[in-house]
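Structure record follows, encoded as structure tokens.
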Protein chains: 2
Amino acid sequence: MKGISILGSTGSIGEQTLAIVRLHPGRFRVVALAAGSNLEVVERQIREFSPSMVSVGDAEMAARLNRALADLPAKPWIGHSIEGLRVAATAPEAELVVVGLPGSTGLLPTFSAVQAGKDIALATKEVLVMAGALFMETVAQTGVNLLPVDSEQSAIFQALQGNGAADIRRIILTASGGPFRDMPVADMNRVTRAQALDHPRWKMGPKVTIDSATLMNKGFEVIEARWLFDVPASRIEVVIHPQSIVHSMVEFNDGSILAQLGATDMRIPISYALAYPERVDSGAPSVSFPRLATLNFQEPDYDKFPLLRAAQQVLESGGTAECITLNAADEVAVELFLADRIPFRQIPRIVIESLDRIPPRTCSTLDDVVAFHEEVVRQVRAAWA
Amino acid sequence: MKGISILGSTGSIGEQTLAIVRLHPGRFRVVALAAGSNLEVVERQIREFSPSMVSVGDAEMAARLNRALADLPAKPWIGHSIEGLRVAATAPEAELVVVGLPGSTGLLPTFSAVQAGKDIALATKEVLVMAGALFMETVAQTGVNLLPVDSEQSAIFQALQGNGAADIRRIILTASGGPFRDMPVADMNRVTRAQALDHPRWKMGPKVTIDSATLMNKGFEVIEARWLFDVPASRIEVVIHPQSIVHSMVEFNDGSILAQLGATDMRIPISYALAYPERVDSGAPSVSFPRLATLNFQEPDYDKFPLLRAAQQVLESGGTAECITLNAADEVAVELFLADRIPFRQIPRIVIESLDRIPPRTCSTLDDVVAFHEEVVRQVRAAWA
């Protein structure tokens, strides 16, 4: 039985991970869960999966959870905050740590898990966006398996099995184009929060849904792919594919392309990461190609979605600091948009102006990364909030 | 340097194999060539690639080729007929034998090559259609690598790299649908030889082009896939895909689908078979997905193309003998159509009536297979020619 720790257990990735564990009781065992403030859900998860340790958002929540579980004969250890997360990330019985934490909170616990020799199923792309070089170096040093959970990165990872990285000609990253793919630029000024939160293909958390509407998410994925597969930005092509059936592709030196396809169901990449290198039933439906009938592809509109180009440019000419600025400025901008404080079109303006305005700083350690991230968040908040 | 013997060197597969060898002079060496009657082309190939042995159609052709090469300081050994083919198939310096012989002539030399321990790059599907069980048994006993060259089988083979055969849920075999995909059934009676020979996607020899127009070729591929990948007919689905960009797909138990895509250029599967498990430049162009814009999929029309269903039924309920009848009757029917002796719609009638009429016979040895094939050819000719 593979021991699994789930960081972000009450989120979309966490719940779907547990759905797969539920299908394979003899194969996976949940040893640790880390959640934020959703105590009702984490309590239900504890009662169903009996982990040995649990972490929640803060001390008060930990106390409340402790009281709620008073009837349990064998209560788990309950921690909280960043230290609780670190404990869950390094749980001795965990062989694999699923990281589905929102935004930059995933950074430190993921590094802790790698340093503790755990295999990583990574859904939190900020780890690679903020600290790609440092993270891949740490992964290489410890020799752990890094298994991408993002549907696009999992597609590329699956297409690369049995192939040499030296044979990659280009990576073709597909993008649904989000809810505003066919909206005229002029109308983008009137986009509401509800419209931006209504993704046509994937049900996800609010931050990544807004990032999908601006294509910032696809920009982050270009950065992620650059680090995961060691391919320069110039060889990562983004193609709009509205049906989200082709999850991404790899073209090799002989002109052959391997693509991974499937339902728009995160249980496919999650189950692949959990069972790798084997495959297990994910509960996801099959795709019928005759019923599907058509798959479309088109160039992204870089004028309408300037954050995609911004990410490519940061990767081509910038360093770690520029990636941190991109990510932190977007984090603040999306937060302001979700709080109805700025219009949708302001999100790219804030990010691009922050890239122009905030001078980069050398970030060679994890402490540097965290400090610069906090500094950018502070400056962007000061300028716009 | 990998020594290569090419059986069928002047055909489409042979010429494209040589085009790839030409791109990689330090990696591949042509040690044997076998051709039929195209002496002009084989002479040019001998002068360019200096094989040590050559086989042609008959004794008279061998004598003519010998005279034509009189000026060569080091002439190759020149053989002919089935014995010459056998010698080329078992050439001591050959590590890999490319089999691109037309129809049933490929059967015996391919078995000889396997028995001599040669890896096989197989384009001649008749070997698997006529003697699938026996051939796969021989391959397993000798431990040679069997590398499919058919674009569909190569796609499946590539999609399976790094995956377990036990994890296959189904194989999705794509078919362009041939030149008559959108033609009403009623008009199929008036189809001319020129129309049937004008395949919309692939340039191939006349037999396989006609088989593509009747979808008999796709039926043969279902049989081929059944043996190559040990998957029952019920789990091999045929989907019409007019653009011929997705060359086939494999769905795994987790719902994930791996597809191989690329230009409609046989140099991709040929180069993969030549360099396996590595990849080398094939000279094939890249596919641009935004330019391509659309990929379509639809159910095959089994009423219009009864030979596809016939192949599936033969595989589900018949044995080796029924497969031999299917293949032999089609061989004769296509020959009669190409000689303007029967109309296009007569091809499926001849094949299906032969399946009904000719009693199967146990075929447990290669001699049985050859004898029954010849018997069916004789009977079909007697009935229809």
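Identifiers in this document derive from the order of the structure tokens: chains are assigned A, B, ..., residues are numbered from 1 separately in each chain, and ligands are numbered from 1 in order of occurrence.
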
Using only C-alpha atoms, find the residues of chain B whose closest atom to chain A is at most 8 Å away, then write them as a tab-separated table (two decimals) with all heavy atoms, in the first residue's frame.
```
chain	number	residue	atom	x	y	z
B	158	GLN	N	3.91	3.19	-30.85
B	158	GLN	CA	4.51	4.36	-30.20
B	158	GLN	C	3.72	4.75	-28.95
B	158	GLN	O	4.30	5.10	-27.92
B	158	GLN	CB	4.60	5.55	-31.17
B	158	GLN	CG	5.61	5.34	-32.28
B	158	GLN	CD	5.72	6.55	-33.21
B	158	GLN	OE1	5.89	7.68	-32.76
B	158	GLN	NE2	5.60	6.32	-34.50
B	159	ALA	N	2.39	4.69	-29.05
B	159	ALA	CA	1.55	5.06	-27.90
B	159	ALA	C	1.74	4.08	-26.75
B	159	ALA	O	1.54	4.43	-25.58
B	159	ALA	CB	0.08	5.11	-28.32
B	161	GLN	N	4.63	2.62	-25.87
B	161	GLN	CA	5.94	2.70	-25.23
B	161	GLN	C	5.78	3.26	-23.82
B	161	GLN	O	5.13	4.27	-23.62
B	161	GLN	CB	6.88	3.61	-26.03
B	161	GLN	CG	7.17	3.11	-27.44
B	161	GLN	CD	7.77	1.73	-27.47
B	161	GLN	OE1	8.76	1.45	-26.80
B	161	GLN	NE2	7.16	0.83	-28.23
B	162	GLY	N	6.39	2.61	-22.85
B	162	GLY	CA	6.30	3.09	-21.48
B	162	GLY	C	4.96	2.76	-20.83
B	162	GLY	O	4.67	3.25	-19.74
B	163	ASN	N	4.13	1.96	-21.48
B	163	ASN	CA	2.86	1.55	-20.91
B	163	ASN	C	2.75	0.03	-20.92
B	163	ASN	O	3.34	-0.62	-21.78
B	163	ASN	CB	1.70	2.14	-21.71
B	163	ASN	CG	1.54	3.62	-21.47
B	163	ASN	OD1	1.14	4.04	-20.39
B	163	ASN	ND2	1.91	4.42	-22.45
B	164	GLY	N	1.99	-0.51	-19.99
B	164	GLY	CA	1.80	-1.96	-19.93
B	164	GLY	C	0.67	-2.41	-20.84
B	164	GLY	O	-0.38	-1.77	-20.89
B	167	ASP	N	-2.75	-2.72	-19.47
B	167	ASP	CA	-3.52	-1.50	-19.19
B	167	ASP	C	-4.33	-1.01	-20.38
B	167	ASP	O	-5.00	0.02	-20.30
B	167	ASP	CB	-2.59	-0.38	-18.70
B	167	ASP	CG	-2.10	-0.62	-17.28
B	167	ASP	OD1	-2.83	-1.28	-16.51
B	167	ASP	OD2	-1.00	-0.15	-16.94
B	239	VAL	N	-12.46	4.26	-36.43
B	239	VAL	CA	-13.07	5.59	-36.49
B	239	VAL	C	-12.59	6.27	-37.77
B	239	VAL	O	-11.39	6.28	-38.06
B	239	VAL	CB	-12.68	6.44	-35.26
B	239	VAL	CG1	-13.20	7.87	-35.40
B	239	VAL	CG2	-13.22	5.82	-33.98
B	240	ILE	N	-13.52	6.83	-38.52
B	240	ILE	CA	-13.15	7.56	-39.74
B	240	ILE	C	-12.61	8.94	-39.34
B	240	ILE	O	-13.22	9.64	-38.54
B	240	ILE	CB	-14.37	7.73	-40.68
B	240	ILE	CG1	-14.96	6.36	-41.06
B	240	ILE	CG2	-13.99	8.53	-41.93
B	240	ILE	CD1	-14.09	5.49	-41.91
B	252	PHE	N	-6.26	3.71	-22.34
B	252	PHE	CA	-5.84	2.88	-21.22
B	252	PHE	C	-6.95	2.78	-20.16
B	252	PHE	O	-7.96	3.48	-20.25
B	252	PHE	CB	-4.54	3.45	-20.62
B	252	PHE	CG	-3.41	3.40	-21.61
B	252	PHE	CD1	-3.05	4.52	-22.36
B	252	PHE	CD2	-2.70	2.22	-21.84
B	252	PHE	CE1	-2.03	4.47	-23.30
B	252	PHE	CE2	-1.69	2.15	-22.78
B	252	PHE	CZ	-1.34	3.28	-23.51
B	253	ASN	N	-6.70	1.94	-19.19
B	253	ASN	CA	-7.71	1.67	-18.16
B	253	ASN	C	-8.11	2.87	-17.33
B	253	ASN	O	-9.16	2.87	-16.69
B	253	ASN	CB	-7.20	0.57	-17.21
B	253	ASN	CG	-7.30	-0.78	-17.89
B	253	ASN	OD1	-8.18	-0.99	-18.71
B	253	ASN	ND2	-6.39	-1.69	-17.55
B	254	ASP	N	-7.27	3.90	-17.29
B	254	ASP	CA	-7.60	5.09	-16.51
B	254	ASP	C	-8.39	6.12	-17.33
B	254	ASP	O	-8.70	7.20	-16.82
B	254	ASP	CB	-6.33	5.73	-15.93
B	254	ASP	CG	-5.29	6.05	-16.99
B	254	ASP	OD1	-5.57	5.81	-18.18
B	254	ASP	OD2	-4.20	6.53	-16.62
B	255	GLY	N	-8.70	5.80	-18.59
B	255	GLY	CA	-9.43	6.74	-19.44
B	255	GLY	C	-8.50	7.65	-20.24
B	255	GLY	O	-8.96	8.44	-21.06
B	256	SER	N	-7.20	7.54	-19.99
B	256	SER	CA	-6.23	8.34	-20.73
B	256	SER	C	-6.02	7.74	-22.11
B	256	SER	O	-5.94	6.52	-22.26
B	256	SER	CB	-4.91	8.36	-19.95
B	256	SER	OG	-3.96	9.15	-20.62
B	257	ILE	N	-5.91	8.60	-23.12
B	257	ILE	CA	-5.71	8.14	-24.49
B	257	ILE	C	-4.40	8.71	-24.99
B	257	ILE	O	-4.14	9.91	-24.86
B	257	ILE	CB	-6.87	8.65	-25.39
B	257	ILE	CG1	-8.19	8.00	-24.95
B	257	ILE	CG2	-6.59	8.36	-26.87
B	257	ILE	CD1	-9.42	8.66	-25.54
B	258	LEU	N	-3.55	7.84	-25.54
B	258	LEU	CA	-2.35	8.35	-26.19
B	258	LEU	C	-2.52	8.16	-27.69
B	258	LEU	O	-2.91	7.08	-28.16
B	258	LEU	CB	-1.09	7.66	-25.67
B	258	LEU	CG	-0.65	8.17	-24.29
B	258	LEU	CD1	0.49	7.34	-23.74
B	258	LEU	CD2	-0.22	9.65	-24.35
B	259	ALA	N	-2.26	9.23	-28.42
B	259	ALA	CA	-2.42	9.21	-29.87
B	259	ALA	C	-1.10	9.60	-30.51
B	259	ALA	O	-0.35	10.39	-29.95
B	259	ALA	CB	-3.49	10.22	-30.29
B	260	GLN	N	-0.83	9.02	-31.67
B	260	GLN	CA	0.33	9.47	-32.43
B	260	GLN	C	-0.20	10.23	-33.64
B	260	GLN	O	-1.13	9.77	-34.32
B	260	GLN	CB	1.21	8.28	-32.84
B	260	GLN	CG	2.55	8.69	-33.44
B	260	GLN	CD	2.54	8.75	-34.95
B	260	GLN	OE1	1.73	8.10	-35.58
B	260	GLN	NE2	3.42	9.54	-35.54
B	261	LEU	N	0.35	11.40	-33.86
B	261	LEU	CA	-0.08	12.27	-34.94
B	261	LEU	C	1.12	12.66	-35.79
B	261	LEU	O	2.27	12.51	-35.35
B	261	LEU	CB	-0.72	13.55	-34.39
B	261	LEU	CG	-1.97	13.46	-33.52
B	261	LEU	CD1	-1.63	13.14	-32.08
B	261	LEU	CD2	-2.76	14.76	-33.57
B	262	GLY	N	0.85	13.20	-36.96
B	262	GLY	CA	1.94	13.68	-37.79
B	262	GLY	C	1.47	13.83	-39.22
B	262	GLY	O	0.33	13.50	-39.55
B	263	ALA	N	2.38	14.35	-40.04
B	263	ALA	CA	2.10	14.47	-41.46
B	263	ALA	C	1.77	13.09	-42.03
B	263	ALA	O	2.17	12.07	-41.47
B	263	ALA	CB	3.32	15.06	-42.17
B	268	ILE	N	7.90	8.81	-41.39
B	268	ILE	CA	7.84	8.85	-39.91
B	268	ILE	C	7.81	7.42	-39.34
B	268	ILE	O	8.71	7.06	-38.58
B	268	ILE	CB	6.68	9.73	-39.39
B	268	ILE	CG1	6.91	11.20	-39.82
B	268	ILE	CG2	6.56	9.62	-37.88
B	268	ILE	CD1	5.78	12.16	-39.45
B	271	SER	N	11.17	5.59	-40.27
B	271	SER	CA	12.37	6.00	-39.52
B	271	SER	C	12.30	5.52	-38.08
B	271	SER	O	13.32	5.18	-37.48
B	271	SER	CB	12.55	7.53	-39.58
B	271	SER	OG	11.56	8.17	-38.80
B	272	TYR	N	11.08	5.49	-37.52
B	272	TYR	CA	10.94	5.00	-36.14
B	272	TYR	C	11.34	3.53	-36.06
B	272	TYR	O	12.04	3.11	-35.13
B	272	TYR	CB	9.50	5.21	-35.64
B	272	TYR	CG	9.34	4.92	-34.16
B	272	TYR	CD1	9.94	5.75	-33.21
B	272	TYR	CD2	8.63	3.82	-33.71
B	272	TYR	CE1	9.81	5.49	-31.85
B	272	TYR	CE2	8.50	3.55	-32.35
B	272	TYR	CZ	9.09	4.39	-31.44
B	272	TYR	OH	8.98	4.13	-30.08
B	277	PRO	N	15.05	1.96	-30.36
B	277	PRO	CA	14.09	2.84	-29.68
B	277	PRO	C	14.46	4.32	-29.76
B	277	PRO	O	13.83	5.13	-29.09
B	277	PRO	CB	14.17	2.35	-28.24
B	277	PRO	CG	15.59	1.90	-28.08
B	277	PRO	CD	16.04	1.40	-29.42
B	278	GLU	N	15.46	4.66	-30.54
B	278	GLU	CA	15.78	6.09	-30.70
B	278	GLU	C	14.94	6.68	-31.82
B	278	GLU	O	14.17	5.99	-32.46
B	278	GLU	CB	17.28	6.23	-31.01
B	278	GLU	CG	18.14	5.85	-29.81
B	278	GLU	CD	19.61	5.75	-30.15
B	278	GLU	OE1	20.14	6.71	-30.73
B	278	GLU	OE2	20.21	4.70	-29.86
B	279	ARG	N	15.11	7.99	-32.03
B	279	ARG	CA	14.42	8.65	-33.13
B	279	ARG	C	15.45	9.44	-33.93
B	279	ARG	O	16.38	9.99	-33.36
B	279	ARG	CB	13.36	9.62	-32.58
B	279	ARG	CG	12.18	8.92	-31.93
B	279	ARG	CD	11.17	9.93	-31.42
B	279	ARG	NE	10.05	9.30	-30.73
B	279	ARG	CZ	8.95	8.86	-31.33
B	279	ARG	NH1	8.81	8.97	-32.64
B	279	ARG	NH2	7.98	8.30	-30.63
B	280	VAL	N	15.28	9.45	-35.24
B	280	VAL	CA	16.19	10.21	-36.10
B	280	VAL	C	15.37	11.07	-37.04
B	280	VAL	O	14.19	10.83	-37.26
B	280	VAL	CB	17.10	9.27	-36.94
B	280	VAL	CG1	18.06	8.50	-36.05
B	280	VAL	CG2	16.28	8.32	-37.81
B	281	ASP	N	16.01	12.09	-37.59
B	281	ASP	CA	15.33	12.94	-38.57
B	281	ASP	C	14.80	12.07	-39.70
B	281	ASP	O	15.52	11.22	-40.23
B	281	ASP	CB	16.33	13.98	-39.12
B	281	ASP	CG	15.69	14.89	-40.14
B	281	ASP	OD1	14.45	15.04	-40.11
B	281	ASP	OD2	16.41	15.45	-40.98
B	282	SER	N	13.53	12.27	-40.04
B	282	SER	CA	12.91	11.44	-41.09
B	282	SER	C	12.77	12.22	-42.38
B	282	SER	O	12.43	11.65	-43.41
B	282	SER	CB	11.52	11.00	-40.62
B	282	SER	OG	10.69	12.15	-40.48
B	283	GLY	N	13.00	13.54	-42.32
B	283	GLY	CA	12.77	14.38	-43.50
B	283	GLY	C	11.31	14.79	-43.65
B	283	GLY	O	10.97	15.56	-44.54
B	284	ALA	N	10.44	14.26	-42.78
B	284	ALA	CA	9.00	14.58	-42.90
B	284	ALA	C	8.73	15.99	-42.36
B	284	ALA	O	9.40	16.44	-41.44
B	284	ALA	CB	8.18	13.56	-42.11
B	285	PRO	N	7.75	16.68	-42.94
B	285	PRO	CA	7.42	18.04	-42.47
B	285	PRO	C	6.70	18.01	-41.12
B	285	PRO	O	6.12	17.00	-40.74
B	285	PRO	CB	6.50	18.58	-43.56
B	285	PRO	CG	5.85	17.36	-44.14
B	285	PRO	CD	6.89	16.26	-44.06
B	286	SER	N	6.73	19.14	-40.42
B	286	SER	CA	5.99	19.31	-39.16
B	286	SER	C	4.54	19.64	-39.48
B	286	SER	O	4.24	20.16	-40.54
B	286	SER	CB	6.57	20.48	-38.37
B	286	SER	OG	7.67	20.07	-37.61
B	287	VAL	N	3.68	19.34	-38.54
B	287	VAL	CA	2.26	19.69	-38.67
B	287	VAL	C	2.03	21.00	-37.91
B	287	VAL	O	2.50	21.15	-36.79
B	287	VAL	CB	1.38	18.58	-38.06
B	287	VAL	CG1	-0.05	19.07	-37.87
B	287	VAL	CG2	1.41	17.34	-38.94
B	289	PHE	N	-0.80	22.97	-36.13
B	289	PHE	CA	-2.18	22.77	-35.70
B	289	PHE	C	-3.07	23.97	-35.99
B	289	PHE	O	-4.21	23.79	-36.42
B	289	PHE	CB	-2.25	22.30	-34.25
B	289	PHE	CG	-1.81	20.87	-34.14
B	289	PHE	CD1	-0.48	20.55	-33.92
B	289	PHE	CD2	-2.72	19.84	-34.33
B	289	PHE	CE1	-0.07	19.23	-33.89
B	289	PHE	CE2	-2.31	18.52	-34.30
B	289	PHE	CZ	-0.98	18.22	-34.07
B	290	PRO	N	-2.59	25.22	-35.76
B	290	PRO	CA	-3.47	26.34	-36.12
B	290	PRO	C	-3.79	26.33	-37.61
B	290	PRO	O	-4.91	26.62	-38.02
B	290	PRO	CB	-2.65	27.57	-35.73
B	290	PRO	CG	-1.72	27.09	-34.68
B	290	PRO	CD	-1.38	25.68	-35.06
B	291	ARG	N	-2.82	25.98	-38.48
B	291	ARG	CA	-3.09	25.96	-39.91
B	291	ARG	C	-4.06	24.82	-40.26
B	291	ARG	O	-4.92	24.94	-41.11
B	291	ARG	CB	-1.77	25.83	-40.70
B	291	ARG	CG	-1.95	26.32	-42.13
B	291	ARG	CD	-0.65	26.42	-42.92
B	291	ARG	NE	0.48	26.87	-42.13
B	291	ARG	CZ	1.70	26.35	-42.21
B	291	ARG	NH1	1.94	25.34	-43.04
B	291	ARG	NH2	2.68	26.81	-41.47
B	292	LEU	N	-3.87	23.70	-39.57
B	292	LEU	CA	-4.73	22.53	-39.79
B	292	LEU	C	-6.18	22.85	-39.42
B	292	LEU	O	-7.12	22.46	-40.09
B	292	LEU	CB	-4.19	21.42	-38.88
B	292	LEU	CG	-4.65	20.03	-39.11
B	292	LEU	CD1	-4.15	19.53	-40.44
B	292	LEU	CD2	-4.09	19.14	-37.98
B	293	ALA	N	-6.33	23.57	-38.29
B	293	ALA	CA	-7.63	24.10	-37.80
B	293	ALA	C	-8.62	23.04	-37.30
B	293	ALA	O	-9.16	23.19	-36.23
B	293	ALA	CB	-8.27	25.01	-38.82
B	294	THR	N	-8.85	21.97	-38.08
B	294	THR	CA	-9.92	21.05	-37.70
B	294	THR	C	-9.53	19.59	-37.92
B	294	THR	O	-8.95	19.25	-38.94
B	294	THR	CB	-11.19	21.35	-38.55
B	294	THR	OG1	-11.52	22.71	-38.37
B	294	THR	CG2	-12.36	20.49	-38.11
B	295	LEU	N	-9.88	18.76	-36.96
B	295	LEU	CA	-9.77	17.31	-37.12
B	295	LEU	C	-11.18	16.74	-36.93
B	295	LEU	O	-11.85	17.06	-35.96
B	295	LEU	CB	-8.83	16.71	-36.05
B	295	LEU	CG	-7.38	17.18	-36.09
B	295	LEU	CD1	-6.60	16.58	-34.92
B	295	LEU	CD2	-6.71	16.82	-37.40
B	296	ASN	N	-11.61	15.91	-37.87
B	296	ASN	CA	-12.96	15.34	-37.78
B	296	ASN	C	-12.92	13.84	-37.54
B	296	ASN	O	-11.96	13.16	-37.93
B	296	ASN	CB	-13.73	15.60	-39.08
B	296	ASN	CG	-13.96	17.07	-39.29
B	296	ASN	OD1	-13.35	17.69	-40.15
B	296	ASN	ND2	-14.83	17.65	-38.48
B	297	PHE	N	-13.99	13.35	-36.91
B	297	PHE	CA	-14.13	11.93	-36.60
B	297	PHE	C	-15.58	11.51	-36.86
B	297	PHE	O	-16.50	12.27	-36.55
B	297	PHE	CB	-13.78	11.66	-35.13
B	297	PHE	CG	-12.38	12.10	-34.80
B	297	PHE	CD1	-12.13	13.38	-34.31
B	297	PHE	CD2	-11.30	11.25	-35.01
B	297	PHE	CE1	-10.83	13.81	-34.03
B	297	PHE	CE2	-10.00	11.67	-34.73
B	297	PHE	CZ	-9.77	12.94	-34.24
B	298	GLN	N	-15.77	10.35	-37.42
B	298	GLN	CA	-17.13	9.82	-37.60
B	298	GLN	C	-17.10	8.30	-37.62
B	298	GLN	O	-16.05	7.68	-37.77
B	298	GLN	CB	-17.76	10.39	-38.88
B	298	GLN	CG	-17.02	9.99	-40.16
B	298	GLN	CD	-17.44	10.81	-41.37
B	298	GLN	OE1	-17.19	12.02	-41.45
B	298	GLN	NE2	-18.05	10.16	-42.35
B	299	GLU	N	-18.28	7.70	-37.42
B	299	GLU	CA	-18.45	6.25	-37.50
B	299	GLU	C	-18.23	5.77	-38.93
B	299	GLU	O	-18.67	6.45	-39.86
B	299	GLU	CB	-19.91	6.00	-37.23
B	299	GLU	CG	-20.57	5.31	-36.20
B	299	GLU	CD	-20.19	4.84	-34.91
B	299	GLU	OE1	-19.27	4.02	-34.81
B	299	GLU	OE2	-20.87	5.24	-33.98
```

Discussion item. List as a list in words the protein and nucleic acid residues near B:Val98, meaning an atom at most 10 Å away when only C-alpha atoms are counted, but skip any in the same chain fewer than 5 places from it.
Written reply: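 Non-adjacent residues within range: Ile4, Ser5, Ile6, Leu7, Gly8, Ser9, Ile13, Gly14, Thr17, Leu33, Ala89, Thr110, Ala113, Lys118, Asp119, Ile120, Ala121, Leu122, Ala123, Thr124, Leu147, Pro148, Val149, Ile270, Ala273 and Leu274 of chain B.
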
Practice prompt. Just the residues within 9 Å of B:Phe305, please, counting only C-alpha atoms, with nothing from its chain fewer than 2 positions along; format it as a list in words.
Written response: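 Near B:Phe305, the qualifying residues are Ala213, Thr214, Leu215, Met216, Pro300, Asp301, Tyr302, Asp303, Leu307, Leu308, Arg309 and Pro348 of chain B.
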
A:Asp356 surroundings by only C-alpha atoms, 12 Å radius, close-in-sequence under 6 positions cut, as an mmCIF file with C-alpha atoms, in the first residue's frame:
```
data_model
loop_
_atom_site.group_PDB
_atom_site.id
_atom_site.type_symbol
_atom_site.label_atom_id
_atom_site.label_comp_id
_atom_site.auth_asym_id
_atom_site.auth_seq_id
_atom_site.Cartn_x
_atom_site.Cartn_y
_atom_site.Cartn_z
ATOM 1 C CA ALA A 310 4.226 38.434 -20.851
ATOM 2 C CA VAL A 314 9.708 36.740 -18.854
ATOM 3 C CA GLY A 318 14.092 37.352 -17.455
ATOM 4 C CA GLU A 322 10.749 38.354 -13.015
ATOM 5 C CA THR A 325 6.928 39.367 -9.926
ATOM 6 C CA LEU A 326 4.646 37.936 -12.619
ATOM 7 C CA ALA A 329 1.409 40.700 -9.106
ATOM 8 C CA ARG A 349 -2.379 46.068 -16.606
ATOM 9 C CA ILE A 350 -1.379 45.543 -12.971
ATOM 10 C CA VAL A 380 1.590 45.808 -5.717
#
```

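When only C-alpha atoms are used to compute distances to B:Val332, the closest of the residues B:Phe157, B:Trp384, B:Phe49, B:Phe111 turns out to be B:Trp384.
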
Discussion item. So that I can see what lies close to A:Gly143, please list as a PyMOL selection string the residues with an atom at most 12 Å from it, counting only C-alpha atoms and leaving out residues fewer than 6 positions away in the same chain.
Written reply: chain A and resi 114-120+135-137

Keeping only N, CA and C atoms, write those residues as an mmCIF file, in the first residue's frame.
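Result file part.cif:
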```cif
data_model
loop_
_atom_site.group_PDB
_atom_site.id
_atom_site.type_symbol
_atom_site.label_atom_id
_atom_site.label_comp_id
_atom_site.auth_asym_id
_atom_site.auth_seq_id
_atom_site.Cartn_x
_atom_site.Cartn_y
_atom_site.Cartn_z
ATOM 1 N N VAL A 114 10.106 17.296 -0.692
ATOM 2 C CA VAL A 114 11.197 16.797 -1.559
ATOM 3 C C VAL A 114 12.430 16.523 -0.715
ATOM 4 N N GLN A 115 12.754 17.449 0.185
ATOM 5 C CA GLN A 115 13.944 17.259 1.027
ATOM 6 C C GLN A 115 13.799 16.037 1.931
ATOM 7 N N ALA A 116 12.543 15.672 2.250
ATOM 8 C CA ALA A 116 12.316 14.469 3.055
ATOM 9 C C ALA A 116 12.260 13.215 2.184
ATOM 10 N N GLY A 117 12.533 13.356 0.870
ATOM 11 C CA GLY A 117 12.620 12.190 -0.011
ATOM 12 C C GLY A 117 11.284 11.659 -0.503
ATOM 13 N N LYS A 118 10.248 12.492 -0.412
ATOM 14 C CA LYS A 118 8.928 12.034 -0.857
ATOM 15 C C LYS A 118 8.771 12.246 -2.362
ATOM 16 N N ASP A 119 8.095 11.311 -3.035
ATOM 17 C CA ASP A 119 7.661 11.558 -4.407
ATOM 18 C C ASP A 119 6.572 12.619 -4.364
ATOM 19 N N ILE A 120 6.504 13.427 -5.426
ATOM 20 C CA ILE A 120 5.583 14.567 -5.420
ATOM 21 C C ILE A 120 4.607 14.464 -6.578
ATOM 22 N N PHE A 135 13.904 24.429 -7.571
ATOM 23 C CA PHE A 135 13.105 23.245 -7.272
ATOM 24 C C PHE A 135 13.605 22.039 -8.053
ATOM 25 N N MET A 136 13.866 22.213 -9.347
ATOM 26 C CA MET A 136 14.312 21.084 -10.167
ATOM 27 C C MET A 136 15.691 20.594 -9.705
ATOM 28 N N GLU A 137 16.516 21.525 -9.228
ATOM 29 C CA GLU A 137 17.826 21.170 -8.670
ATOM 30 C C GLU A 137 17.643 20.290 -7.416
#
```

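Atom CA of A:Glu93 sits 5.8 Å away from atom CA of A:Gly3.
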